[in-house]
file coords-v6.cif (mmCIF, C-alpha atoms)
data_work
#
loop_
_atom_site.label_atom_id
_atom_site.label_comp_id
_atom_site.auth_asym_id
_atom_site.auth_seq_id
_atom_site.Cartn_x
_atom_site.Cartn_y
_atom_site.Cartn_z
CA MET A 580 -30.42 7.67 17.99
CA SER A 581 -28.09 5.21 16.34
CA GLY A 582 -28.34 1.53 15.63
CA VAL A 583 -30.09 -0.77 13.20
CA TRP A 584 -33.82 -1.16 12.70
CA VAL A 585 -34.80 -4.85 12.73
CA PHE A 586 -38.14 -6.20 11.51
CA LYS A 587 -38.89 -9.57 13.07
CA ASN A 588 -42.21 -11.40 13.60
CA GLY A 589 -44.20 -8.34 12.54
CA VAL A 590 -42.45 -6.05 15.03
CA LEU A 591 -40.03 -3.26 14.15
CA ARG A 592 -37.45 -2.44 16.80
CA LEU A 593 -34.21 -0.50 17.10
CA VAL A 594 -31.14 -2.54 18.01
CA GLU A 595 -28.61 -0.15 19.57
CA ASN A 596 -25.57 -2.40 19.15
CA PRO A 597 -26.41 -5.04 16.56
CA ALA A 598 -23.16 -6.96 17.15
CA ASN A 599 -24.28 -7.75 20.71
CA ALA A 600 -27.86 -8.63 19.84
CA PRO A 601 -28.73 -12.30 20.40
CA SER A 602 -28.69 -14.44 17.24
CA SER A 603 -28.14 -11.45 15.01
CA THR A 604 -25.92 -11.42 11.99
CA VAL A 605 -24.35 -8.14 11.02
CA ARG A 606 -23.57 -7.42 7.43
CA ARG A 607 -20.84 -4.96 6.74
CA LYS A 608 -19.67 -3.75 3.37
CA VAL A 609 -16.17 -4.65 2.23
CA LEU A 610 -14.21 -3.77 -0.88
CA LEU A 611 -13.24 -6.75 -3.05
CA TYR A 612 -10.41 -6.66 -5.59
CA THR A 613 -11.93 -8.91 -8.25
CA PRO A 614 -8.83 -10.09 -10.19
CA THR A 615 -7.55 -11.94 -7.09
CA ASN A 616 -10.77 -12.07 -4.97
CA GLU A 617 -8.87 -10.25 -2.23
CA ILE A 618 -10.76 -8.32 0.43
CA ILE A 619 -9.16 -4.91 0.94
CA ASN A 620 -8.65 -4.43 4.68
CA SER A 621 -5.94 -1.74 4.73
CA TYR A 622 -4.47 1.05 2.67
CA SER A 623 -1.25 -0.93 2.34
CA SER A 624 -3.18 -3.44 0.22
CA LEU A 625 -5.31 -0.85 -1.63
CA VAL A 626 -2.66 1.67 -2.71
CA PRO A 627 -0.57 -0.74 -4.86
CA LYS A 628 -3.72 -1.90 -6.65
CA LEU A 629 -4.81 1.65 -7.46
CA THR A 630 -1.27 2.50 -8.58
CA SER A 631 -1.17 -0.53 -10.91
CA LEU A 632 -4.43 0.69 -12.45
CA GLY A 633 -2.85 4.04 -13.34
CA TRP A 634 -3.88 6.13 -10.32
CA GLU A 635 -1.30 8.65 -9.11
CA ARG A 636 -1.08 9.80 -5.51
CA TYR A 637 -1.66 13.49 -4.69
CA TYR A 638 -0.12 14.92 -1.53
CA GLU A 639 -1.89 18.30 -1.34
CA ASP A 640 -4.22 17.63 1.62
CA PRO A 641 -2.57 16.01 4.66
CA ASN A 642 -5.95 14.81 5.98
CA LEU A 643 -6.77 12.78 2.87
CA LEU A 644 -5.32 10.14 0.61
CA GLN A 645 -6.05 11.39 -2.90
CA PHE A 646 -5.54 9.69 -6.24
CA HIS A 647 -5.84 11.10 -9.76
CA LYS A 648 -5.91 9.25 -13.06
CA ARG A 649 -4.59 11.00 -16.16
CA PRO A 650 -6.00 12.26 -18.54
CA SER A 651 -9.39 12.13 -16.80
CA ILE A 652 -10.75 14.54 -14.23
CA ASP A 653 -11.48 11.68 -11.81
CA LEU A 654 -10.25 12.07 -8.25
CA ILE A 655 -10.53 9.53 -5.45
CA SER A 656 -10.41 11.09 -1.97
CA LEU A 657 -10.13 8.80 1.04
CA PRO A 658 -9.82 9.55 4.76
CA ARG A 659 -6.27 9.20 6.09
CA ASP A 660 -7.44 6.73 8.78
CA PHE A 661 -8.63 3.41 7.32
CA ASN A 662 -11.09 3.07 10.24
CA GLN A 663 -12.98 5.99 8.68
CA PHE A 664 -13.13 4.22 5.29
CA LYS A 665 -16.88 3.89 4.65
CA SER A 666 -19.05 2.31 1.97
CA MET A 667 -19.35 5.66 0.13
CA HIS A 668 -15.56 5.57 -0.39
CA MET A 669 -15.78 1.97 -1.57
CA TYR A 670 -18.49 2.79 -4.11
CA ASP A 671 -16.43 5.75 -5.36
CA ILE A 672 -13.55 3.37 -6.08
CA VAL A 673 -15.87 0.85 -7.75
CA LEU A 674 -17.50 3.51 -9.92
CA LYS A 675 -14.11 4.62 -11.24
CA ASN A 676 -12.69 1.07 -11.56
CA ARG A 677 -15.67 -1.10 -12.47
CA GLU A 678 -13.69 -4.03 -13.81
CA SER A 679 -11.34 -4.31 -10.82
CA PHE A 680 -13.40 -3.72 -7.67
CA ARG A 681 -16.77 -4.67 -6.16
CA VAL A 682 -18.49 -3.93 -2.88
CA ILE A 683 -19.86 -7.02 -1.19
CA ASP A 684 -21.65 -7.84 2.08
CA MET A 685 -19.52 -9.66 4.61
CA GLN A 686 -21.53 -11.44 7.28
CA THR A 687 -20.22 -11.46 10.82
CA SER A 688 -21.91 -13.13 13.73
#
call {"tool": "encode", "arguments": {"input": "coords-v6.cif", "output": "structure tokens"}}
result
Amino acid sequence: MSGVWVFKNGVLRLVENPANAPSSTVRRKVLLYTPTNEIINSYSSLVPKLTSLGWERYYEDPNLLQFHKRPSIDLISLPRDFNQFKSMHMYDIVLKNRESFRVIDMQTS
């Protein structure tokens, strides 16, 4: 069972595909680069920002994009396909770069 639970007029119901529901607004999480207020929508825009912050790319696992920052033990591991980039990956980046990134809600209708 997948979808979004919606509470409206005292009734709780499961909306299977919230994007197709009438008059529904879907909020999705997006990663925001705070110095320029740029929404990160691809790895080609994310990688240079991480590199400028001192993160070095690791190439050990072909299924992941991994970044390490010296001299810390921090490691950022991201799925190779940006379509698999989820909010947990965004929060991992924010946690390790608090002054440069934020996760925000983007409303789509």
call {"tool": "closest_residue", "arguments": {"input": "coords-v6.cif", "among": "A:Val682, A:Leu644, A:Met667, A:Leu654", "to": "Lys608 in chain A", "atoms": "all atoms listed in the file"}}
result
A:Val682
call {"tool": "closest_residue", "arguments": {"input": "coords-v6.cif", "among": "A:Met669, A:Leu593, A:Leu657, A:Leu643", "to": "Ile683 in chain A", "atoms": "only C-alpha atoms"}}
result
A:Met669
call {"tool": "resolve_selection", "arguments": {"input": "coords-v6.cif", "expression": "the PyMOL selection byres ((chain A and resi 624-631) around 12)", "output": "PyMOL selection string"}}
result
chain A and resi 610-615+617-623+632-637+644-649+654-655+657+661+664+669+672-673+675-676+679-680
call {"tool": "atom_distance", "arguments": {"input": "coords-v6.cif", "atom1": "CA of Asn616 in chain A", "atom2": "CA of Arg681 in chain A"}}
result
9.6 Å
call {"tool": "atom_distance", "arguments": {"input": "coords-v6.cif", "atom1": "CA of Val585 in chain A", "atom2": "CA of Met685 in chain A"}}
result
18.0 Å
call {"tool": "atom_distance", "arguments": {"input": "coords-v6.cif", "atom1": "CA of Pro641 in chain A", "atom2": "CA of Asn662 in chain A"}}
result
16.5 Å
call {"tool": "closest_residue", "arguments": {"input": "coords-v6.cif", "among": "A:Arg606, A:Arg659, A:Tyr638, A:Pro650", "to": "Asp684 in chain A", "atoms": "all atoms listed in the file"}}
result
A:Arg606
call {"tool": "decode", "arguments": {"input": "coords-v6.cif", "residues": "range 603-618 of chain A", "atoms": "all heavy atoms", "output": "PDB file, in the first residue's frame"}}
result
ATOM      1  N   SER A 603      -5.282  18.911  -5.028  1.00  0.00           N
ATOM      2  CA  SER A 603      -4.265  18.581  -4.036  1.00  0.00           C
ATOM      3  C   SER A 603      -2.956  19.258  -4.400  1.00  0.00           C
ATOM      4  O   SER A 603      -2.651  19.459  -5.563  1.00  0.00           O
ATOM      5  CB  SER A 603      -4.056  17.066  -3.956  1.00  0.00           C
ATOM      6  OG  SER A 603      -3.399  16.609  -5.106  1.00  0.00           O
ATOM      7  N   THR A 604      -2.243  19.652  -3.378  1.00  0.00           N
ATOM      8  CA  THR A 604      -0.902  20.178  -3.601  1.00  0.00           C
ATOM      9  C   THR A 604       0.070  19.177  -3.011  1.00  0.00           C
ATOM     10  O   THR A 604      -0.111  18.699  -1.894  1.00  0.00           O
ATOM     11  CB  THR A 604      -0.707  21.551  -2.949  1.00  0.00           C
ATOM     12  OG1 THR A 604      -0.992  21.445  -1.561  1.00  0.00           O
ATOM     13  CG2 THR A 604      -1.587  22.592  -3.596  1.00  0.00           C
ATOM     14  N   VAL A 605       1.088  18.847  -3.757  1.00  0.00           N
ATOM     15  CA  VAL A 605       2.081  17.887  -3.319  1.00  0.00           C
ATOM     16  C   VAL A 605       3.326  18.655  -2.918  1.00  0.00           C
ATOM     17  O   VAL A 605       3.784  19.529  -3.646  1.00  0.00           O
ATOM     18  CB  VAL A 605       2.406  16.892  -4.458  1.00  0.00           C
ATOM     19  CG1 VAL A 605       3.489  15.929  -4.022  1.00  0.00           C
ATOM     20  CG2 VAL A 605       1.166  16.151  -4.876  1.00  0.00           C
ATOM     21  N   ARG A 606       3.835  18.332  -1.765  1.00  0.00           N
ATOM     22  CA  ARG A 606       5.073  18.944  -1.321  1.00  0.00           C
ATOM     23  C   ARG A 606       6.175  17.908  -1.455  1.00  0.00           C
ATOM     24  O   ARG A 606       6.074  16.816  -0.944  1.00  0.00           O
ATOM     25  CB  ARG A 606       4.972  19.390   0.128  1.00  0.00           C
ATOM     26  CG  ARG A 606       4.082  20.568   0.307  1.00  0.00           C
ATOM     27  CD  ARG A 606       4.113  21.031   1.736  1.00  0.00           C
ATOM     28  NE  ARG A 606       3.253  22.184   1.883  1.00  0.00           N
ATOM     29  CZ  ARG A 606       2.928  22.696   3.036  1.00  0.00           C
ATOM     30  NH1 ARG A 606       3.372  22.162   4.137  1.00  0.00           N
ATOM     31  NH2 ARG A 606       2.146  23.744   3.089  1.00  0.00           N
ATOM     32  N   ARG A 607       7.206  18.293  -2.156  1.00  0.00           N
ATOM     33  CA  ARG A 607       8.357  17.409  -2.238  1.00  0.00           C
ATOM     34  C   ARG A 607       9.557  18.144  -1.683  1.00  0.00           C
ATOM     35  O   ARG A 607       9.641  19.369  -1.738  1.00  0.00           O
ATOM     36  CB  ARG A 607       8.598  16.925  -3.660  1.00  0.00           C
ATOM     37  CG  ARG A 607       8.986  17.990  -4.634  1.00  0.00           C
ATOM     38  CD  ARG A 607       9.179  17.401  -6.038  1.00  0.00           C
ATOM     39  NE  ARG A 607       9.584  18.436  -6.947  1.00  0.00           N
ATOM     40  CZ  ARG A 607      10.841  18.666  -7.329  1.00  0.00           C
ATOM     41  NH1 ARG A 607      11.797  17.886  -6.882  1.00  0.00           N
ATOM     42  NH2 ARG A 607      11.132  19.646  -8.147  1.00  0.00           N
ATOM     43  N   LYS A 608      10.469  17.393  -1.136  1.00  0.00           N
ATOM     44  CA  LYS A 608      11.674  17.973  -0.554  1.00  0.00           C
ATOM     45  C   LYS A 608      12.683  18.247  -1.661  1.00  0.00           C
ATOM     46  O   LYS A 608      12.841  17.457  -2.581  1.00  0.00           O
ATOM     47  CB  LYS A 608      12.295  17.015   0.461  1.00  0.00           C
ATOM     48  CG  LYS A 608      11.370  16.620   1.588  1.00  0.00           C
ATOM     49  CD  LYS A 608      11.261  17.713   2.583  1.00  0.00           C
ATOM     50  CE  LYS A 608      10.445  17.234   3.779  1.00  0.00           C
ATOM     51  NZ  LYS A 608      10.022  18.324   4.607  1.00  0.00           N
ATOM     52  N   VAL A 609      13.353  19.386  -1.565  1.00  0.00           N
ATOM     53  CA  VAL A 609      14.421  19.728  -2.487  1.00  0.00           C
ATOM     54  C   VAL A 609      15.601  20.260  -1.684  1.00  0.00           C
ATOM     55  O   VAL A 609      15.439  20.791  -0.586  1.00  0.00           O
ATOM     56  CB  VAL A 609      13.990  20.764  -3.560  1.00  0.00           C
ATOM     57  CG1 VAL A 609      12.952  20.188  -4.492  1.00  0.00           C
ATOM     58  CG2 VAL A 609      13.504  22.035  -2.931  1.00  0.00           C
ATOM     59  N   LEU A 610      16.784  20.100  -2.250  1.00  0.00           N
ATOM     60  CA  LEU A 610      18.008  20.568  -1.618  1.00  0.00           C
ATOM     61  C   LEU A 610      18.315  21.966  -2.132  1.00  0.00           C
ATOM     62  O   LEU A 610      18.349  22.199  -3.341  1.00  0.00           O
ATOM     63  CB  LEU A 610      19.156  19.607  -1.947  1.00  0.00           C
ATOM     64  CG  LEU A 610      20.495  19.875  -1.269  1.00  0.00           C
ATOM     65  CD1 LEU A 610      20.372  19.710   0.248  1.00  0.00           C
ATOM     66  CD2 LEU A 610      21.548  18.916  -1.810  1.00  0.00           C
ATOM     67  N   LEU A 611      18.529  22.896  -1.211  1.00  0.00           N
ATOM     68  CA  LEU A 611      18.791  24.289  -1.553  1.00  0.00           C
ATOM     69  C   LEU A 611      20.222  24.636  -1.163  1.00  0.00           C
ATOM     70  O   LEU A 611      20.646  24.416  -0.024  1.00  0.00           O
ATOM     71  CB  LEU A 611      17.825  25.205  -0.803  1.00  0.00           C
ATOM     72  CG  LEU A 611      18.006  26.704  -1.012  1.00  0.00           C
ATOM     73  CD1 LEU A 611      17.539  27.102  -2.412  1.00  0.00           C
ATOM     74  CD2 LEU A 611      17.248  27.482   0.040  1.00  0.00           C
ATOM     75  N   TYR A 612      20.973  25.183  -2.114  1.00  0.00           N
ATOM     76  CA  TYR A 612      22.311  25.695  -1.855  1.00  0.00           C
ATOM     77  C   TYR A 612      22.147  27.139  -1.403  1.00  0.00           C
ATOM     78  O   TYR A 612      21.789  28.022  -2.194  1.00  0.00           O
ATOM     79  CB  TYR A 612      23.164  25.594  -3.121  1.00  0.00           C
ATOM     80  CG  TYR A 612      24.598  26.023  -2.946  1.00  0.00           C
ATOM     81  CD1 TYR A 612      25.447  25.365  -2.074  1.00  0.00           C
ATOM     82  CD2 TYR A 612      25.103  27.093  -3.668  1.00  0.00           C
ATOM     83  CE1 TYR A 612      26.764  25.752  -1.920  1.00  0.00           C
ATOM     84  CE2 TYR A 612      26.419  27.492  -3.529  1.00  0.00           C
ATOM     85  CZ  TYR A 612      27.244  26.815  -2.646  1.00  0.00           C
ATOM     86  OH  TYR A 612      28.549  27.205  -2.505  1.00  0.00           O
ATOM     87  N   THR A 613      22.344  27.393  -0.111  1.00  0.00           N
ATOM     88  CA  THR A 613      21.970  28.680   0.482  1.00  0.00           C
ATOM     89  C   THR A 613      22.790  29.884   0.032  1.00  0.00           C
ATOM     90  O   THR A 613      22.226  30.984  -0.043  1.00  0.00           O
ATOM     91  CB  THR A 613      21.972  28.587   2.017  1.00  0.00           C
ATOM     92  OG1 THR A 613      23.237  28.111   2.459  1.00  0.00           O
ATOM     93  CG2 THR A 613      20.872  27.676   2.510  1.00  0.00           C
ATOM     94  N   PRO A 614      24.100  29.772  -0.286  1.00  0.00           N
ATOM     95  CA  PRO A 614      24.811  30.982  -0.709  1.00  0.00           C
ATOM     96  C   PRO A 614      24.229  31.644  -1.965  1.00  0.00           C
ATOM     97  O   PRO A 614      24.278  32.863  -2.104  1.00  0.00           O
ATOM     98  CB  PRO A 614      26.242  30.488  -0.968  1.00  0.00           C
ATOM     99  CG  PRO A 614      26.390  29.310  -0.062  1.00  0.00           C
ATOM    100  CD  PRO A 614      25.037  28.654  -0.081  1.00  0.00           C
ATOM    101  N   THR A 615      23.649  30.836  -2.865  1.00  0.00           N
ATOM    102  CA  THR A 615      23.086  31.406  -4.099  1.00  0.00           C
ATOM    103  C   THR A 615      21.579  31.177  -4.216  1.00  0.00           C
ATOM    104  O   THR A 615      20.984  31.562  -5.224  1.00  0.00           O
ATOM    105  CB  THR A 615      23.767  30.785  -5.332  1.00  0.00           C
ATOM    106  OG1 THR A 615      23.554  29.371  -5.314  1.00  0.00           O
ATOM    107  CG2 THR A 615      25.246  31.090  -5.366  1.00  0.00           C
ATOM    108  N   ASN A 616      20.956  30.553  -3.209  1.00  0.00           N
ATOM    109  CA  ASN A 616      19.536  30.179  -3.254  1.00  0.00           C
ATOM    110  C   ASN A 616      19.196  29.350  -4.486  1.00  0.00           C
ATOM    111  O   ASN A 616      18.137  29.497  -5.078  1.00  0.00           O
ATOM    112  CB  ASN A 616      18.634  31.412  -3.179  1.00  0.00           C
ATOM    113  CG  ASN A 616      18.571  31.958  -1.776  1.00  0.00           C
ATOM    114  OD1 ASN A 616      18.731  31.234  -0.807  1.00  0.00           O
ATOM    115  ND2 ASN A 616      18.350  33.256  -1.674  1.00  0.00           N
ATOM    116  N   GLU A 617      20.108  28.460  -4.841  1.00  0.00           N
ATOM    117  CA  GLU A 617      19.920  27.594  -6.006  1.00  0.00           C
ATOM    118  C   GLU A 617      19.381  26.234  -5.571  1.00  0.00           C
ATOM    119  O   GLU A 617      19.904  25.613  -4.647  1.00  0.00           O
ATOM    120  CB  GLU A 617      21.260  27.402  -6.720  1.00  0.00           C
ATOM    121  CG  GLU A 617      21.200  26.474  -7.900  1.00  0.00           C
ATOM    122  CD  GLU A 617      22.567  26.212  -8.504  1.00  0.00           C
ATOM    123  OE1 GLU A 617      23.538  26.907  -8.149  1.00  0.00           O
ATOM    124  OE2 GLU A 617      22.663  25.296  -9.331  1.00  0.00           O
ATOM    125  N   ILE A 618      18.328  25.792  -6.238  1.00  0.00           N
ATOM    126  CA  ILE A 618      17.787  24.460  -5.983  1.00  0.00           C
ATOM    127  C   ILE A 618      18.628  23.460  -6.762  1.00  0.00           C
ATOM    128  O   ILE A 618      18.851  23.610  -7.959  1.00  0.00           O
ATOM    129  CB  ILE A 618      16.310  24.374  -6.386  1.00  0.00           C
ATOM    130  CG1 ILE A 618      15.477  25.252  -5.451  1.00  0.00           C
ATOM    131  CG2 ILE A 618      15.826  22.931  -6.362  1.00  0.00           C
ATOM    132  CD1 ILE A 618      14.037  25.349  -5.815  1.00  0.00           C
TER     133      ILE A 618
END
